[in-house]
>>> print(open('query.txt').read())   # compact mmCIF, C-alpha atoms
# COMPACT_ATOMS: atom_id res chain seq x y z
CA MET A 73 -19.85 74.89 -18.51
CA VAL A 74 -16.94 74.49 -20.92
CA VAL A 75 -16.68 70.90 -22.21
CA ILE A 76 -13.13 69.69 -22.78
CA SER A 77 -12.69 66.46 -24.73
CA ILE A 78 -9.40 64.86 -23.76
CA LYS A 79 -8.12 62.45 -26.41
CA SER A 80 -5.78 59.57 -25.65
CA GLY A 81 -5.26 57.66 -28.87
CA GLN A 82 -7.68 57.25 -31.74
CA ASP A 83 -10.58 55.67 -29.84
CA ASN A 84 -9.93 56.57 -26.21
CA GLY A 85 -10.66 59.65 -24.16
CA PHE A 86 -13.14 61.36 -21.86
CA LEU A 87 -15.13 64.56 -21.39
CA TYR A 88 -14.47 67.02 -18.57
CA GLU A 89 -16.47 70.07 -17.56
CA ALA A 90 -15.09 73.34 -16.17
CA SER A 91 -15.97 77.04 -15.99
CA VAL A 92 -14.30 79.78 -18.01
CA GLN A 93 -13.57 81.48 -14.69
CA ASP A 94 -11.43 78.58 -13.43
CA LYS A 95 -7.68 78.96 -13.34
CA ASN A 96 -5.66 76.95 -15.83
CA GLU A 97 -3.59 75.27 -13.09
CA ASP A 98 -6.80 74.07 -11.39
CA LEU A 99 -8.11 72.76 -14.71
CA ILE A 100 -4.87 70.90 -15.46
CA ALA A 101 -4.75 69.44 -11.95
CA GLY A 102 -8.34 68.21 -12.26
CA LEU A 103 -7.72 66.69 -15.68
CA VAL A 104 -4.54 64.95 -14.51
CA ASP A 105 -6.36 63.50 -11.49
CA VAL A 106 -9.01 62.00 -13.78
CA TRP A 107 -6.34 60.83 -16.26
CA ASN A 108 -4.30 59.04 -13.57
CA MET A 109 -7.37 57.53 -11.91
CA ARG A 110 -8.56 56.08 -15.23
CA ILE A 111 -5.17 54.41 -15.71
CA ARG A 112 -5.29 53.10 -12.15
CA LEU A 113 -8.81 51.71 -12.54
CA ASN A 114 -7.90 50.08 -15.84
CA MET A 115 -5.00 48.26 -14.16
CA LEU A 116 -7.24 47.37 -11.25
CA VAL A 117 -9.84 45.73 -13.50
CA GLY A 118 -7.23 43.41 -15.00
CA GLY A 119 -5.84 42.54 -11.58
CA ILE A 120 -9.28 41.84 -10.07
CA ARG A 121 -10.19 39.49 -12.91
CA GLU A 122 -6.98 37.53 -12.39
CA LEU A 123 -7.70 37.53 -8.65
CA ALA A 124 -11.19 36.11 -9.25
CA LYS A 125 -9.80 33.30 -11.44
CA TYR A 126 -6.61 32.27 -9.67
CA GLY A 127 -6.58 33.91 -6.25
CA PRO A 128 -3.88 36.11 -4.63
CA MET A 129 -0.35 36.42 -5.97
CA LYS A 130 2.37 34.21 -4.51
CA PRO A 131 5.55 35.62 -2.98
CA LYS A 132 8.27 36.01 -5.57
CA GLU A 133 10.32 33.11 -4.18
CA ASP A 134 7.33 30.72 -4.31
CA GLN A 135 6.19 31.50 -7.85
CA GLY A 136 6.09 28.61 -10.29
CA ILE A 137 3.64 26.14 -11.81
CA ASP A 138 2.14 24.12 -8.97
CA SER A 139 2.19 20.72 -10.69
CA ILE A 140 5.89 21.05 -11.56
CA LYS A 141 6.80 22.20 -8.05
CA GLU A 142 4.92 19.25 -6.57
CA GLN A 143 6.43 16.71 -8.93
CA TYR A 144 10.05 17.82 -9.04
CA GLU A 145 10.55 19.90 -5.89
CA GLY A 146 8.25 18.06 -3.51
CA ALA A 147 6.58 21.31 -2.54
CA ALA A 148 3.34 21.18 -0.57
CA VAL A 149 0.78 23.27 -2.44
CA GLU A 150 -2.19 24.58 -0.47
CA LYS A 151 -5.39 23.75 -2.32
CA SER A 152 -8.78 25.01 -1.22
CA SER A 153 -12.17 23.77 -2.38
CA THR A 154 -12.14 26.46 -5.10
CA TYR A 155 -8.61 25.64 -6.30
CA ASN A 156 -7.96 26.50 -9.96
CA PRO A 157 -4.27 26.22 -10.93
CA ASP A 158 -2.73 29.32 -12.45
CA PRO A 159 -1.10 28.32 -15.78
CA SER A 160 1.50 31.06 -15.31
CA GLY A 161 2.36 29.92 -11.79
CA VAL A 162 2.17 33.47 -10.41
CA ARG A 163 -0.98 33.06 -8.30
CA THR A 164 -1.97 30.52 -5.66
CA GLY A 165 -5.00 29.18 -7.57
CA ASN A 166 -7.22 29.57 -4.49
CA GLY A 167 -9.94 31.82 -5.86
CA PRO A 168 -12.85 33.27 -3.89
CA GLY A 169 -15.50 30.91 -5.26
CA ILE A 170 -18.07 31.14 -8.04
CA GLN A 171 -20.49 33.59 -6.41
CA LEU A 172 -17.83 36.03 -5.23
CA ALA A 173 -16.06 35.74 -8.58
CA GLU A 174 -19.31 36.79 -10.28
CA THR A 175 -19.53 39.78 -7.93
CA LEU A 176 -15.97 40.80 -8.81
CA GLU A 177 -16.78 40.48 -12.52
CA ARG A 178 -19.87 42.71 -12.15
CA VAL A 179 -17.75 45.34 -10.43
CA CYS A 180 -15.18 45.15 -13.23
CA LYS A 181 -17.83 45.63 -15.90
CA ASP A 182 -19.22 48.59 -13.97
CA VAL A 183 -15.76 50.19 -13.98
CA GLU A 184 -15.31 49.47 -17.70
CA ASP A 185 -18.59 51.28 -18.42
CA VAL A 186 -17.15 54.43 -16.83
CA LEU A 187 -13.88 54.06 -18.73
CA SER A 188 -15.61 53.35 -22.05
CA PRO A 189 -15.08 55.86 -24.90
CA ASN A 190 -18.80 55.49 -25.61
CA LEU A 191 -19.40 58.08 -22.88
CA VAL A 192 -17.86 60.65 -25.21
CA LYS A 193 -20.44 59.78 -27.88
CA GLN A 194 -23.15 59.97 -25.23
CA ARG A 195 -21.81 63.37 -24.08
CA VAL A 196 -21.36 62.23 -20.49
CA ALA A 197 -18.62 64.11 -18.62
CA ILE A 198 -16.38 62.32 -16.12
CA SER A 199 -15.67 63.60 -12.61
CA MET A 200 -13.44 62.40 -9.79
CA GLU A 201 -16.55 61.67 -7.73
CA MET A 202 -17.67 59.09 -10.29
CA LEU A 203 -14.25 57.44 -10.42
CA ASN A 204 -13.80 57.44 -6.64
CA ASP A 205 -17.19 55.75 -6.33
CA LYS A 206 -16.07 52.95 -8.68
CA LEU A 207 -12.81 52.61 -6.76
CA ALA A 208 -14.77 52.24 -3.52
CA ASN A 209 -16.92 49.53 -5.13
CA CYS A 210 -13.77 47.64 -6.15
CA ARG A 211 -12.33 47.93 -2.66
CA GLY A 212 -15.57 46.69 -1.11
CA ALA A 213 -15.84 43.71 -3.47
CA VAL A 214 -12.23 42.68 -2.79
CA MET A 215 -12.72 42.97 0.98
CA MET A 216 -15.88 40.87 0.70
CA SER A 217 -14.00 38.18 -1.25
CA TYR A 218 -10.92 38.19 0.99
CA PRO A 219 -11.90 39.39 4.49
CA MET A 220 -8.42 38.59 5.85
CA GLY A 221 -6.91 40.93 3.27
CA LEU A 222 -4.58 40.42 0.33
CA PRO A 223 -0.80 40.03 0.53
CA ALA A 224 1.07 43.33 0.48
CA TRP A 225 2.74 42.37 -2.82
CA ASP A 226 -0.48 41.61 -4.70
CA PRO A 227 -1.05 44.06 -7.59
CA VAL A 228 -4.70 44.54 -6.61
CA ALA A 229 -3.74 45.55 -3.06
CA LEU A 230 -1.09 47.92 -4.41
CA CYS A 231 -3.53 49.54 -6.87
CA LEU A 232 -6.12 50.01 -4.14
CA GLU A 233 -3.57 51.78 -1.95
CA GLY A 234 -2.67 54.44 -4.52
CA GLU A 235 -0.77 55.34 -7.67
CA ASP A 236 2.47 54.11 -6.09
CA GLY A 237 1.18 50.60 -6.68
CA LEU A 238 1.71 51.11 -10.42
CA ASP A 239 5.48 51.51 -10.02
CA GLY A 240 7.38 49.12 -12.24
CA THR A 241 4.45 48.55 -14.60
CA GLN A 242 3.95 49.81 -18.14
CA ALA A 243 1.07 51.97 -16.94
CA SER A 244 3.38 53.95 -14.65
CA GLY A 245 4.95 55.56 -17.71
CA GLU A 246 1.56 57.01 -18.68
CA LEU A 247 0.95 58.75 -15.34
CA LEU A 248 1.19 62.55 -15.33
CA ASP A 249 2.33 65.02 -12.68
CA PRO A 250 -0.34 67.69 -12.05
CA SER A 251 2.35 70.31 -11.31
CA THR A 252 4.21 69.86 -14.60
CA ALA A 253 1.69 68.45 -17.10
CA GLN A 254 0.74 70.60 -20.10
CA LEU A 255 -2.66 71.03 -21.73
CA TRP A 256 -2.74 71.71 -25.48
CA VAL A 257 -5.58 72.95 -27.67
CA ALA A 258 -5.04 73.74 -31.36
CA SER A 259 -1.24 73.51 -30.96
CA LYS A 260 -1.21 76.10 -28.14
CA ASP A 261 -0.74 75.27 -24.47
CA PHE A 262 -2.62 76.68 -21.49
CA GLN A 263 -0.40 79.04 -19.54
CA ARG A 264 -0.49 78.64 -15.77
CA GLY A 265 -1.65 81.77 -14.01
CA ASP A 266 -4.27 82.59 -16.65
CA ARG A 267 -7.93 81.62 -16.66
CA ILE A 268 -9.67 79.29 -19.10
CA GLY A 269 -11.52 82.25 -20.60
CA ASP A 270 -8.24 83.93 -21.51
CA ARG A 271 -7.47 81.01 -23.81
CA LEU A 272 -10.91 79.90 -25.05
CA GLY A 273 -13.05 83.00 -24.66
CA TRP A 274 -15.77 83.67 -22.12
CA ASN A 275 -18.59 81.64 -23.64
CA GLU A 276 -19.59 78.91 -21.18
CA LYS A 277 -21.00 76.74 -24.01
CA THR A 278 -17.60 76.22 -25.63
CA LYS A 279 -16.42 72.70 -26.50
CA VAL A 280 -12.83 71.93 -27.47
CA VAL A 281 -10.66 68.90 -28.15
CA ALA A 282 -7.48 68.88 -26.04
CA LYS A 283 -4.52 66.70 -25.18
CA LEU A 284 -2.43 66.30 -22.05
CA GLN A 285 1.33 66.05 -22.47
CA LYS A 286 4.36 65.61 -20.29
CA PRO A 287 6.60 68.71 -19.99
CA GLY A 288 9.06 69.19 -22.81
CA SER A 289 7.08 67.04 -25.26
CA GLY A 290 5.99 70.02 -27.32
CA PRO A 291 2.66 70.24 -29.14
CA PRO A 292 1.04 66.88 -29.86
CA ALA A 293 1.16 65.53 -33.39
CA ARG A 294 -1.84 66.22 -35.55
CA GLU A 295 -4.29 63.36 -35.87
CA PRO A 296 -4.81 61.73 -39.27
CA SER A 297 -7.70 63.18 -41.26
CA VAL A 298 -9.19 59.71 -41.77
CA SER A 299 -9.58 56.88 -39.28
CA GLU A 300 -7.94 53.48 -39.64
CA GLU A 301 -11.22 51.88 -40.79
CA GLU A 302 -11.75 54.57 -43.42
CA ARG A 303 -8.16 54.18 -44.63
CA LYS A 304 -8.63 50.42 -45.03
CA ALA A 305 -11.89 50.94 -46.95
CA MET A 306 -10.21 53.44 -49.27
CA MET A 307 -7.29 51.08 -49.90
CA ALA A 308 -9.69 48.23 -50.73
CA HIS A 309 -11.65 50.49 -53.12
CA TYR A 310 -8.53 51.68 -54.96
CA PHE A 311 -7.15 48.14 -55.17
CA LYS A 312 -10.43 46.94 -56.71
CA LYS A 313 -10.38 49.78 -59.25
CA GLN A 314 -6.77 49.03 -60.09
CA GLU A 315 -7.57 45.38 -60.74
CA GLU A 316 -10.49 46.39 -62.97
CA MET A 317 -8.31 48.74 -64.99
CA LYS A 318 -5.65 46.04 -65.31
CA SER A 319 -8.18 43.50 -66.61
CA LEU A 320 -9.51 46.05 -69.14
CA ALA A 321 -5.99 46.75 -70.37
CA GLU A 322 -5.30 43.07 -70.87
CA ALA A 323 -8.61 42.38 -72.65
CA SER A 324 -8.60 42.12 -76.48
CA ASP A 325 -10.46 44.66 -78.59
CA ASP A 326 -13.13 42.21 -79.82
CA ASP A 327 -14.09 40.79 -76.42
CA TYR A 328 -17.30 42.78 -76.52
CA LEU A 329 -18.57 40.66 -79.43
CA THR A 330 -19.38 37.84 -77.00
CA SER A 331 -21.54 40.12 -74.86
CA ALA A 332 -25.33 39.86 -75.02
CA TRP A 333 -25.76 43.55 -75.74
CA ALA A 334 -23.58 43.24 -78.91
CA ASP A 335 -25.75 40.51 -80.51
CA PRO A 336 -27.62 42.03 -83.53
CA LYS A 337 -30.31 39.35 -83.24
CA ALA A 338 -30.95 39.90 -79.53
CA LEU A 339 -34.37 41.53 -80.12
CA GLN A 340 -35.47 38.77 -82.51
CA LYS A 341 -34.42 36.05 -80.04
CA SER A 342 -36.19 37.71 -77.15
CA LEU A 343 -39.44 37.98 -79.15
CA ARG A 344 -39.23 34.32 -80.11
CA GLY A 345 -38.24 33.24 -76.61
CA GLN A 346 -34.91 31.87 -77.78
CA THR A 347 -32.61 33.85 -75.45
CA SER A 348 -31.95 30.89 -73.14
CA ILE A 349 -31.29 28.38 -75.95
CA LYS A 350 -27.64 27.46 -76.37
CA ALA A 351 -25.97 25.10 -78.80
CA PRO A 352 -24.22 22.17 -77.10
CA GLY A 353 -20.54 22.75 -76.59
CA LEU A 354 -20.81 26.45 -77.48
CA LYS A 355 -19.83 29.09 -74.91
CA LEU A 356 -21.72 32.34 -75.16
>>> encode(input="query.txt", output="structure tokens")
Amino acid sequence: MVVISIKSGQDNGFLYEASVQDKNEDLIAGLVDVWNMRIRLNMLVGGIRELAKYGPMKPKEDQGIDSIKEQYEGAAVEKSSTYNPDPSGVRTGNGPGIQLAETLERVCKDVEDVLSPNLVKQRVAISMEMLNDKLANCRGAVMMSYPMGLPAWDPVALCLEGEDGLDGTQASGELLDPSTAQLWVASKDFQRGDRIGDRLGWNEKTKVVAKLQKPGSGPPAREPSVSEEERKAMMAHYFKKQEEMKSLAEASDDDYLTSAWADPKALQKSLRGQTSIKAPGLKL
């Protein structure tokens, strides 16, 4: 199988497997499905964690910090035995309880393991079956925590329904359309209608690094030859060398006379055991 490494940023991406006999449009559609599902699951993890802490989201007209609404508006705030006030005032504060919150957290960590870029280092390819399984786990954990269901306006409920739930969020701008998205490898895109082998050759053991782009974006920019950590290390090294050269330039020509290696009696003192003897008030 051909292994395609999709990069999204410096330290984010995933591996995807396909056959050289597959059509390019099928490959792009499969990659876009995985791309969009990863964005959806990432949003879902954040929403579920907020749900576990502070409960479902309030209607827009009821949002506000509970203590202020009680004190100044005389509003009656519903408080369950697991009440934990939301500091942002967006959620009700009625969480599912400690045990169910722990279950939700375990599900979130399980999803994060699938989304982790470490899978690329471990050479584990991602498939829609894996992601759909994690989505089903999230749906089951939420239904277990809130059997009566979540409000229709809650972000978790919207994410569980589909990609339409991401409308109006920052993540919606990252979603791709499988019918128009473009796949680029080495500054050349995959033409629809061809097969993968027409672009990469017919060796099934091929591995390439690719990027998905929106139509009209052109070829993606080349990545820097060094990572951010390497760049910082190089800058620190050159700064240290520059400081050393500056101190050498400022030093006087006879500074070396105070060094131990420049003492003509160093051998005599070492034989007599006088190397550690210093005259009072004298700096050597």
>>> closest_residue(input="query.txt", among="A:Val75, A:Leu284, A:Leu116, A:Val298", to="A:Glu235", atoms="all atoms listed in the file")
A:Leu116
>>> atom_distance(input="query.txt", atom1="atom CA of A:Ser91", atom2="atom CA of A:Ile111")
25.1 Å
>>> closest_residue(input="query.txt", among="A:Ile76, A:Val228, A:Ala282, A:Ala213", to="A:Glu122", atoms="all atoms listed in the file")
A:Val228
>>> closest_atom_pairs(input="query.txt", of="stretch 222-341 of chain A", to="stretch 92-100 of chain A", cutoff="10 Å", atoms="only C-alpha atoms", output="tab-separated table")
residue	atom	partner	partner_atom	distance
A:Asp249	CA	A:Ile100	CA	9.7
A:Pro250	CA	A:Ile100	CA	6.5
A:Ser251	CA	A:Glu97	CA	7.9
A:Thr252	CA	A:Ile100	CA	9.2
A:Ala253	CA	A:Ile100	CA	7.2
A:Gln254	CA	A:Ile100	CA	7.3
A:Leu255	CA	A:Ile100	CA	6.6
A:Phe262	CA	A:Asn96	CA	6.4
A:Gln263	CA	A:Asn96	CA	6.8
A:Arg264	CA	A:Glu97	CA	5.3
A:Gly265	CA	A:Asn96	CA	6.5
A:Asp266	CA	A:Asn96	CA	5.9
A:Arg267	CA	A:Lys95	CA	4.3
A:Ile268	CA	A:Val92	CA	4.8
A:Gly269	CA	A:Val92	CA	4.5
A:Asp270	CA	A:Val92	CA	8.1
A:Arg271	CA	A:Val92	CA	9.0
A:Leu272	CA	A:Val92	CA	7.8
A:Gly273	CA	A:Val92	CA	7.5
A:Trp274	CA	A:Val92	CA	5.8
A:Asn275	CA	A:Val92	CA	7.3
A:Glu276	CA	A:Val92	CA	6.2
A:Lys277	CA	A:Val92	CA	9.5
A:Thr278	CA	A:Val92	CA	9.0
A:Leu284	CA	A:Ile100	CA	8.4
>>> atom_distance(input="query.txt", atom1="atom CA of A:Asp226", atom2="atom CA of A:Lys130")
7.9 Å
